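K.L.:
Contents of target-v3.tsv (TSV, C-alpha atoms) are below:
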chain	number	residue	atom	x	y	z
A	1	MET	CA	-3.38	44.43	-10.39
A	2	ASN	CA	-4.65	44.87	-6.87
A	3	TRP	CA	-3.41	41.98	-4.76
A	4	ASP	CA	-6.46	41.87	-2.48
A	5	ASP	CA	-8.89	42.05	-5.38
A	6	PHE	CA	-7.17	39.19	-7.11
A	7	GLU	CA	-7.23	37.03	-3.98
A	8	GLN	CA	-10.87	37.90	-3.47
A	9	GLN	CA	-11.66	36.96	-7.06
A	10	LEU	CA	-10.05	33.57	-6.54
A	11	ARG	CA	-11.91	32.99	-3.28
A	12	GLU	CA	-15.22	33.75	-4.92
A	13	THR	CA	-14.69	31.24	-7.69
A	14	PRO	CA	-16.99	28.43	-6.56
A	15	LEU	CA	-15.66	24.89	-6.47
A	16	ARG	CA	-17.67	21.97	-7.77
A	17	SER	CA	-19.70	19.91	-5.34
A	18	PRO	CA	-19.40	16.13	-5.20
A	19	PRO	CA	-21.81	14.28	-7.51
A	20	ALA	CA	-25.08	13.54	-5.73
A	21	GLU	CA	-24.81	9.78	-6.22
A	22	TRP	CA	-21.53	9.70	-4.30
A	23	ARG	CA	-23.38	10.28	-1.04
A	24	GLY	CA	-25.20	6.95	-1.12
A	25	GLU	CA	-22.18	5.04	-2.41
A	26	THR	CA	-19.82	6.53	0.14
A	27	LEU	CA	-22.12	6.05	3.10
A	28	ALA	CA	-22.83	2.44	2.07
A	29	ALA	CA	-19.10	1.74	1.76
A	30	ALA	CA	-18.47	3.40	5.11
A	31	ARG	CA	-21.17	1.30	6.78
A	32	ARG	CA	-19.60	-1.86	5.35
A	33	ALA	CA	-16.22	-0.72	6.66
A	34	SER	CA	-17.68	-0.12	10.11
A	35	ARG	CA	-18.89	-3.73	10.51
A	36	PRO	CA	-16.76	-5.69	12.95
A	37	ARG	CA	-14.34	-8.00	11.23
A	38	PRO	CA	-13.26	-11.41	12.52
A	39	VAL	CA	-10.53	-10.96	15.08
A	40	PHE	CA	-7.41	-13.08	14.55
A	41	LEU	CA	-5.14	-11.14	16.84
A	42	PRO	CA	-5.54	-9.29	20.13
A	43	GLY	CA	-6.70	-5.70	19.61
A	44	TRP	CA	-3.47	-3.98	20.56
A	45	LEU	CA	-1.39	-6.35	18.42
A	46	GLY	CA	-3.71	-6.06	15.44
A	47	GLU	CA	-3.69	-2.25	15.70
A	48	GLY	CA	0.08	-2.24	16.00
A	49	LEU	CA	0.50	-4.46	12.97
A	50	ALA	CA	-1.97	-2.41	10.97
A	51	GLU	CA	-0.03	0.76	11.78
A	52	TRP	CA	3.26	-0.90	10.96
A	53	LEU	CA	2.07	-2.36	7.67
A	54	TRP	CA	0.36	0.86	6.61
A	55	PRO	CA	0.15	2.12	3.87
A	56	SER	CA	0.57	-1.08	1.83
A	57	PRO	CA	-0.82	-4.08	3.71
A	58	VAL	CA	-1.48	-5.88	0.42
A	59	ALA	CA	2.15	-5.50	-0.62
A	60	TRP	CA	3.33	-6.83	2.72
A	61	ALA	CA	0.92	-9.75	2.50
A	62	GLY	CA	2.19	-10.51	-0.99
A	63	LEU	CA	5.76	-10.47	0.24
A	64	ALA	CA	4.87	-12.81	3.10
A	65	ALA	CA	3.07	-15.18	0.71
A	66	THR	CA	6.09	-15.19	-1.61
A	67	TRP	CA	8.38	-16.11	1.26
A	68	ALA	CA	6.00	-18.87	2.31
A	69	VAL	CA	6.04	-20.33	-1.21
A	70	ILE	CA	9.85	-20.14	-1.37
A	71	TRP	CA	10.12	-21.85	2.01
A	72	ALA	CA	7.69	-24.59	0.96
A	73	LEU	CA	9.54	-25.23	-2.30
A	74	ASN	CA	12.85	-25.29	-0.49
A	75	THR	CA	11.56	-27.77	2.11
A	76	THR	CA	9.99	-30.15	-0.40
A	77	GLY	CA	13.12	-29.98	-2.57
A	78	ALA	CA	15.32	-30.92	0.35
A	79	MET	CA	13.06	-33.83	1.27
A	80	ALA	CA	13.03	-35.10	-2.29
A	81	ALA	CA	16.80	-34.91	-2.46
A	82	HIS	CA	17.26	-37.10	0.66
A	83	SER	CA	14.41	-39.59	0.28
A	84	PRO	CA	15.97	-42.26	-2.07
A	85	GLU	CA	18.74	-43.19	0.32
A	86	LEU	CA	18.33	-44.11	3.94
A	87	PRO	CA	20.83	-43.03	6.51
A	88	VAL	CA	23.36	-45.73	7.42
A	89	SER	CA	22.41	-45.71	11.10
A	90	PHE	CA	18.75	-46.22	10.26
A	91	ALA	CA	19.58	-49.06	7.86
A	92	GLY	CA	21.68	-50.80	10.50
A	93	GLN	CA	18.92	-50.60	13.07
A	94	TRP	CA	16.38	-51.85	10.57
A	95	ARG	CA	18.60	-54.86	9.72
A	96	ALA	CA	19.05	-55.69	13.42
A	97	HIS	CA	15.30	-55.57	13.98
A	98	GLN	CA	14.67	-57.89	11.04
A	99	HIS	CA	17.27	-60.31	12.32
A	100	MET	CA	15.77	-60.36	15.82
A	101	LEU	CA	12.26	-60.79	14.41
A	102	ALA	CA	13.37	-63.75	12.30
A	103	GLU	CA	14.98	-65.40	15.32
A	104	LEU	CA	11.89	-64.91	17.44
A	105	LEU	CA	9.61	-66.36	14.80
A	106	GLU	CA	12.09	-69.14	14.07
A	107	LEU	CA	11.94	-68.48	10.40
A	108	ALA	CA	14.34	-69.49	7.74
A	109	PRO	CA	17.83	-68.07	8.05
A	110	TRP	CA	17.61	-64.37	7.69
A	111	THR	CA	18.77	-62.86	4.46
A	112	GLU	CA	20.16	-59.44	3.73
A	113	PRO	CA	17.49	-56.88	2.79
A	114	THR	CA	17.59	-55.36	-0.62
A	115	LEU	CA	17.76	-51.79	0.57
A	116	PRO	CA	19.88	-49.28	-1.30
A	117	LEU	CA	22.59	-49.22	1.31
A	118	PRO	CA	25.85	-47.39	0.90
A	119	GLN	CA	28.35	-49.74	-0.73
A	120	PRO	CA	32.07	-49.79	-0.05
A	121	PRO	CA	34.19	-48.87	-3.03
A	122	ARG	CA	34.71	-51.93	-5.31
A	123	ARG	CA	38.10	-53.25	-6.18
A	124	SER	CA	38.93	-54.06	-9.74
A	125	ARG	CA	37.97	-57.61	-10.64
A	126	GLU	CA	40.75	-60.23	-10.76
A	127	PRO	CA	40.85	-63.42	-12.80
A	128	HIS	CA	39.63	-66.75	-11.23
A	129	GLY	CA	42.21	-68.64	-9.16
A	130	SER	CA	44.27	-65.60	-8.49
A	131	SER	CA	45.10	-64.65	-4.94
A	132	ASN	CA	45.96	-61.51	-3.16
A	133	ILE	CA	48.91	-63.27	-1.61
A	134	THR	CA	52.10	-62.84	-3.52
A	135	HIS	CA	54.67	-65.49	-4.17
A	136	HIS	CA	57.00	-63.79	-1.76
A	137	GLU	CA	54.40	-63.98	1.04
A	138	THR	CA	53.75	-67.70	0.27
A	139	ALA	CA	57.38	-68.47	0.66
A	140	GLN	CA	57.49	-66.67	3.99
A	141	MET	CA	54.44	-68.62	5.25
A	142	ALA	CA	56.07	-71.93	4.25
B	1	MET	CA	-19.88	2.43	15.90
B	2	ALA	CA	-21.07	4.04	12.71
B	3	GLY	CA	-24.32	5.07	14.40
B	4	ALA	CA	-22.47	6.83	17.18
B	5	LEU	CA	-20.31	8.57	14.61
B	6	ASN	CA	-23.33	9.74	12.58
B	7	LEU	CA	-21.79	9.26	9.19
B	8	GLU	CA	-24.53	11.15	7.37
B	9	ALA	CA	-23.95	14.32	9.35
B	10	LEU	CA	-20.20	13.98	8.97
B	11	TYR	CA	-20.61	13.57	5.21
B	12	ASP	CA	-22.91	16.54	4.86
B	13	ARG	CA	-20.60	18.77	6.89
B	14	HIS	CA	-17.36	17.96	5.10
B	15	ALA	CA	-17.96	16.22	1.77
B	16	PRO	CA	-17.86	19.37	-0.43
B	17	ALA	CA	-14.61	20.57	1.13
B	18	LEU	CA	-12.94	17.16	0.85
B	19	PHE	CA	-14.14	16.72	-2.71
B	20	GLY	CA	-12.80	20.09	-3.87
B	21	PHE	CA	-9.48	19.58	-2.12
B	22	LEU	CA	-8.96	16.06	-3.44
B	23	LEU	CA	-10.03	17.01	-6.95
B	24	ASN	CA	-7.58	19.91	-6.96
B	25	LEU	CA	-4.77	17.66	-5.74
B	26	THR	CA	-5.38	14.61	-7.90
B	27	ARG	CA	-6.99	16.19	-10.96
B	28	SER	CA	-8.77	12.92	-11.49
B	29	GLU	CA	-12.39	12.27	-10.63
B	30	ALA	CA	-11.77	8.52	-10.33
B	31	ASP	CA	-8.89	9.01	-7.91
B	32	THR	CA	-10.88	11.59	-6.00
B	33	HIS	CA	-13.73	9.12	-5.69
B	34	ASP	CA	-11.47	6.40	-4.29
B	35	LEU	CA	-9.69	8.68	-1.85
B	36	PHE	CA	-12.86	10.45	-0.81
B	37	GLN	CA	-14.55	7.13	-0.06
B	38	GLY	CA	-11.41	5.90	1.66
B	39	VAL	CA	-11.46	8.79	4.12
B	40	PHE	CA	-15.05	8.09	5.18
B	41	CYS	CA	-14.43	4.34	5.35
B	42	LYS	CA	-11.42	4.89	7.56
B	43	LEU	CA	-13.42	7.07	9.92
B	44	ALA	CA	-16.31	4.60	9.96
B	45	ALA	CA	-13.97	1.71	10.76
B	46	ARG	CA	-12.08	3.66	13.42
B	47	PRO	CA	-14.35	6.35	14.88
B	48	ALA	CA	-11.91	6.75	17.76
B	49	LEU	CA	-9.72	8.73	15.35
B	50	LEU	CA	-12.07	11.67	15.81
B	51	ALA	CA	-11.98	11.54	19.60
B	52	GLY	CA	-10.43	14.67	21.04
B	53	ILE	CA	-10.12	16.39	17.65
B	54	ARG	CA	-10.77	20.11	18.00
B	55	ASP	CA	-11.02	21.04	14.32
B	56	GLU	CA	-12.85	18.25	12.55
B	57	ARG	CA	-12.55	19.85	9.11
B	58	ALA	CA	-8.81	20.35	9.40
B	59	PHE	CA	-8.39	16.76	10.56
B	60	LEU	CA	-10.36	15.38	7.63
B	61	LEU	CA	-8.41	17.56	5.22
B	62	ARG	CA	-5.22	16.14	6.70
B	63	LEU	CA	-6.46	12.58	6.17
B	64	ALA	CA	-7.39	13.45	2.60
B	65	HIS	CA	-4.02	15.09	1.97
B	66	ASN	CA	-2.14	12.08	3.35
B	67	ALA	CA	-4.17	9.74	1.17
B	68	ALA	CA	-3.53	11.88	-1.92
B	69	VAL	CA	0.21	12.04	-1.21
B	70	ASP	CA	0.36	8.27	-0.78
B	71	LEU	CA	-1.47	7.75	-4.04
B	72	ALA	CA	0.82	10.16	-5.86
B	73	ARG	CA	3.90	8.37	-4.52
B	74	ARG	CA	2.59	4.99	-5.59
B	75	ARG	CA	1.92	6.27	-9.07
B	76	ALA	CA	4.92	8.53	-9.41
B	77	VAL	CA	6.75	6.21	-11.73
B	78	ARG	CA	4.21	4.17	-13.61
B	79	GLU	CA	1.53	6.72	-14.46
B	80	ARG	CA	3.31	10.04	-14.52
B	81	THR	CA	2.83	10.55	-18.22
B	82	GLN	CA	-0.85	9.72	-18.13
B	83	GLU	CA	-1.50	12.07	-15.22
B	84	ARG	CA	0.18	14.91	-17.05
B	85	LEU	CA	-2.09	14.38	-20.02
B	86	THR	CA	-5.29	14.46	-17.98
B	87	GLU	CA	-4.52	16.85	-15.18
B	88	THR	CA	-5.86	20.02	-16.76
B	89	ASP	CA	-9.02	18.48	-18.22
B	90	VAL	CA	-10.97	17.86	-15.06
B	91	PRO	CA	-13.58	20.54	-14.25
B	92	LEU	CA	-12.62	21.88	-10.85
B	93	PHE	CA	-15.13	24.70	-10.49
B	94	ALA	CA	-18.91	24.89	-10.54
B	95	SER	CA	-20.31	25.46	-14.00
B	96	THR	CA	-21.45	28.96	-14.87
B	97	ALA	CA	-23.44	30.57	-17.65
B	98	ASP	CA	-21.13	33.58	-17.82
B	99	ALA	CA	-18.62	33.10	-20.67
B	100	ASP	CA	-15.96	35.34	-19.07
B	101	GLU	CA	-16.33	33.59	-15.77
B	102	GLU	CA	-16.09	30.21	-17.46
B	103	THR	CA	-12.89	31.26	-19.24
B	104	PHE	CA	-11.41	32.51	-16.00
B	105	GLN	CA	-12.31	29.27	-14.25
B	106	ARG	CA	-10.71	27.19	-16.97
B	107	GLU	CA	-7.52	29.24	-16.90
B	108	LEU	CA	-7.43	29.21	-13.11
B	109	ALA	CA	-7.79	25.41	-13.07
B	110	ALA	CA	-4.95	25.13	-15.56
B	111	ALA	CA	-2.79	27.56	-13.58
B	112	LEU	CA	-3.43	25.62	-10.37
B	113	ALA	CA	-2.46	22.41	-12.12
B	114	GLU	CA	0.91	23.96	-12.96
B	115	LEU	CA	1.69	24.63	-9.31
B	116	PRO	CA	3.76	22.08	-7.42
B	117	PRO	CA	1.42	19.89	-5.36
B	118	GLU	CA	2.67	21.25	-2.03
B	119	GLN	CA	1.97	24.85	-3.12
B	120	ARG	CA	-1.36	23.85	-4.61
B	121	ALA	CA	-2.46	22.27	-1.34
B	122	VAL	CA	-1.61	25.39	0.67
B	123	VAL	CA	-3.22	27.75	-1.84
B	124	HIS	CA	-6.36	25.64	-1.87
B	125	LEU	CA	-6.68	25.47	1.90
B	126	LYS	CA	-6.07	29.20	2.25
B	127	LEU	CA	-8.35	30.40	-0.52
B	128	TRP	CA	-11.23	27.93	-0.51
B	129	GLU	CA	-11.18	26.64	3.05
B	130	GLY	CA	-10.19	29.93	4.66
B	131	LEU	CA	-7.75	28.22	7.02
B	132	THR	CA	-5.10	30.22	8.86
B	133	PHE	CA	-1.46	29.43	8.20
B	134	GLU	CA	-1.31	27.75	11.61
B	135	ALA	CA	-4.25	25.52	10.71
B	136	ILE	CA	-2.75	24.75	7.30
B	137	ALA	CA	0.56	23.95	8.94
B	138	ASP	CA	-1.22	21.61	11.33
B	139	ALA	CA	-3.17	19.91	8.55
B	140	LEU	CA	-0.17	19.40	6.28
B	141	ARG	CA	2.38	18.86	9.07
B	142	ILE	CA	4.65	21.66	7.97
B	143	PRO	CA	5.91	24.76	9.83
B	144	PRO	CA	3.59	27.82	9.62
B	145	ASN	CA	6.33	29.86	7.94
B	146	THR	CA	6.62	27.23	5.24
B	147	ALA	CA	2.87	27.33	4.74
B	148	ALA	CA	2.98	31.13	4.40
B	149	SER	CA	5.87	31.11	1.94
B	150	ARG	CA	4.29	28.39	-0.16
B	151	TYR	CA	1.12	30.42	-0.32
B	152	ARG	CA	3.00	33.54	-1.44
B	153	TYR	CA	4.95	31.67	-4.10
B	154	GLY	CA	1.83	29.93	-5.32
B	155	LEU	CA	-0.23	33.07	-5.46
B	156	ASP	CA	2.54	34.94	-7.29
B	157	LYS	CA	2.55	32.27	-9.96
B	158	LEU	CA	-1.22	32.37	-10.30
B	159	ARG	CA	-1.18	36.16	-10.56
B	160	ASP	CA	1.54	36.14	-13.21
B	161	ARG	CA	-0.23	33.45	-15.17
B	162	LEU	CA	-3.70	35.02	-14.96
B	163	ARG	CA	-2.83	38.73	-15.03
B	164	PRO	CA	-3.73	39.38	-18.70
B	165	LEU	CA	-7.02	37.55	-18.48
B	166	TYR	CA	-7.91	39.06	-15.11
B	167	GLU	CA	-7.28	42.62	-16.30
B	168	GLU	CA	-9.21	41.99	-19.47
B	169	ILE	CA	-12.22	40.69	-17.57
B	170	LYS	CA	-12.06	43.51	-15.00
Please re-express this file's structure in C-alpha cells.
P.N.:
Amino acid sequence: MNWDDFEQQLRETPLRSPPAEWRGETLAAARRASRPRPVFLPGWLGEGLAEWLWPSPVAWAGLAATWAVIWALNTTGAMAAHSPELPVSFAGQWRAHQHMLAELLELAPWTEPTLPLPQPPRRSREPHGSSNITHHETAQMA
Amino acid sequence: MAGALNLEALYDRHAPALFGFLLNLTRSEADTHDLFQGVFCKLAARPALLAGIRDERAFLLRLAHNAAVDLARRRAVRERTQERLTETDVPLFASTADADEETFQRELAAALAELPPEQRAVVHLKLWEGLTFEAIADALRIPPNTAASRYRYGLDKLRDRLRPLYEEIK
C-alpha cells in the first residue's frame, strides 16, 4: 500500500457538516450568553473566582451549600442544647434586679424566682428531730 | 459584545471544523451538540478571549478539545460502558451514494474509534484540518515531536486495520 495514497484517501473522505438547525440554536444560545449578568463581585475578583472554580462551578457551589447547611445545623443544635438552663451569672444578676425593683416599688417582700437554677447537691434526708451535732460535740459545748 | 464579535461570521467560518472534530472525539451527537454550543457561548460571553489570537481556527479547536477532554474525564467512571456501546454507531462522514465509499467510511469511522483519544485528535487535526505538527502541538498543548509520533502511530493503526478493504477498493 502506498503511504501517500492512503493518507490522501483519508483526507478526501468528507466529514459530515453540522445539522442546519444547529446554527439558529447555537447563535441564540450564544446571544443569551453574551448578555451582561448581574455583577455581585468586582470584575477582577469575579474573573479570578471563575477561573479558580473552573471547570465545575456547580460542584463547588454544591459543596459550599452543603457546608452552609452543616454550619446552620451545628449552630442551631448548639443553641438548643444550651437554651433550657441559664448561666449562673445571668441568673444572679436577674435576681438582684428583681430584688432592687421590688424595693423601689415597695412591693411585698421579694420571693425567689422559679427559674431552673443550678442546685447544690442534696444531702440524704434525716429523720425529724435529729441534729447534725453529735453527742460528743454537745458534751463539749456544755 | 456579541455584535462586535460577529457571531454569525465566526460560526460560518468554523462550525464545520468544530463539529467534525468534536464528533470524532466524543462519538456522540448529543455531546457534540452540548460542547459545540458551549464553545460559541464561551466566546460570546468573553469575546476578549479572541483578542490577539493569530490562528482563530486553531484556538477554537483547542477550546473544543479542552471541553471534550473535560467531558470525558467527568464521564470516565459512570458512563464508560455506555460510551463503548455507542461510539462506533455515529455517522462521522458525509453520506455518499457509492457503496464502496460508504463501506470505507464506515470502516474508517470504526478504526478511528479504536484509536486512543489523544492519537485520534492528532490524526483528525492533521488529516481533516491540514494543521502542521507545530499548530497541532499548540492546539493540544503537547510538544511537536509528540504530535508527530502520535500521528505516525495512529496512521499505522488505521493502515493496518483498513489495508484489506483499501486494496480491495483500489
K.L.:
Using CA of Leu140 (chain B) and CA of Glu8 (chain B) as the two end points, give the distance in Å to one decimal.
P.N.:
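Atom-to-atom, CA of Leu140 (chain B) and CA of Glu8 (chain B) are spaced 25.7 Å apart.
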K.L.:
Kindly give the distance, in Å, that separates CA of Glu167 (chain B) and CA of His124 (chain B), rounded to a single decimal.
P.N.:
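Atom-to-atom, CA of Glu167 (chain B) and CA of His124 (chain B) are spaced 22.3 Å apart.
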K.L.:
Figure out the distance between CA of Arg74 (chain B) and CA of Val123 (chain B), please, to one decimal in Å.
P.N.:
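According to the coordinates, CA of Val123 (chain B) and CA of Arg74 (chain B) are separated by 23.8 Å.
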K.L.:
Near Glu101 (chain B), within 9 Å and counting all atoms listed in the file, which residues show up once chain neighbours fewer than 5 positions away are dropped, as a list in words?
P.N.:
Thr13 of chain A; Thr96, Arg106 and Ile169 of chain B
K.L.:
Counting all atoms listed in the file, note down every residue that has an atom within 12 Å of the point (-0.3, 27.8, 13.5) (file coordinates), as number ranges by chain.
P.N.:
B: 131-148
K.L.:
Residues of the last selection are to be written out with C-alpha atoms, as a tab-separated table (two decimals), keeping the file's coordinate frame.
P.N.:
chain	number	residue	atom	x	y	z
B	131	LEU	CA	-7.75	28.22	7.02
B	132	THR	CA	-5.10	30.22	8.86
B	133	PHE	CA	-1.46	29.43	8.20
B	134	GLU	CA	-1.31	27.75	11.61
B	135	ALA	CA	-4.25	25.52	10.71
B	136	ILE	CA	-2.75	24.75	7.30
B	137	ALA	CA	0.56	23.95	8.94
B	138	ASP	CA	-1.22	21.61	11.33
B	139	ALA	CA	-3.17	19.91	8.55
B	140	LEU	CA	-0.17	19.40	6.28
B	141	ARG	CA	2.38	18.86	9.07
B	142	ILE	CA	4.65	21.66	7.97
B	143	PRO	CA	5.91	24.76	9.83
B	144	PRO	CA	3.59	27.82	9.62
B	145	ASN	CA	6.33	29.86	7.94
B	146	THR	CA	6.62	27.23	5.24
B	147	ALA	CA	2.87	27.33	4.74
B	148	ALA	CA	2.98	31.13	4.40
K.L.:
So which residues fall inside 12 Å of (-10.0, 18.0, 6.6) if we count all atoms listed in the file? Mind giving them as a VMD selection string?
P.N.:
chain B and resid 10 to 11 13 to 22 36 39 to 40 43 50 53 to 67 121 124 to 125 129 131 135 to 136 138 to 140
K.L.:
If the cut-off is 6 Å, can you tell me the residues of chain B near chain A, counting only C-alpha atoms? I'd like them as a PyMOL selection string.
P.N.:
chain B and resi 2+16+19+37+40-41+44-45+92-94+127-128
K.L.:
Restricting the calculation to all atoms listed in the file: of B:Ala110, B:Leu71, B:Leu115, B:Leu165, which residue gets closest to Asp34 (chain B)?
P.N.:
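Using all atoms listed in the file, the shortest distance to Asp34 (chain B) belongs to B:Leu71.
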K.L.:
Between A:Glu21, A:Trp60, A:Thr75, A:Glu103, which is the closest to His33 (chain B) once you count all atoms listed in the file?
P.N.:
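For His33 (chain B), the nearest of the candidates is A:Glu21.
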K.L.:
Smallest atom-to-atom distance to Glu107 (chain B): which of B:Val69, B:Ala9, B:Leu162, B:Leu35, using only C-alpha atoms?
P.N.:
B:Leu162
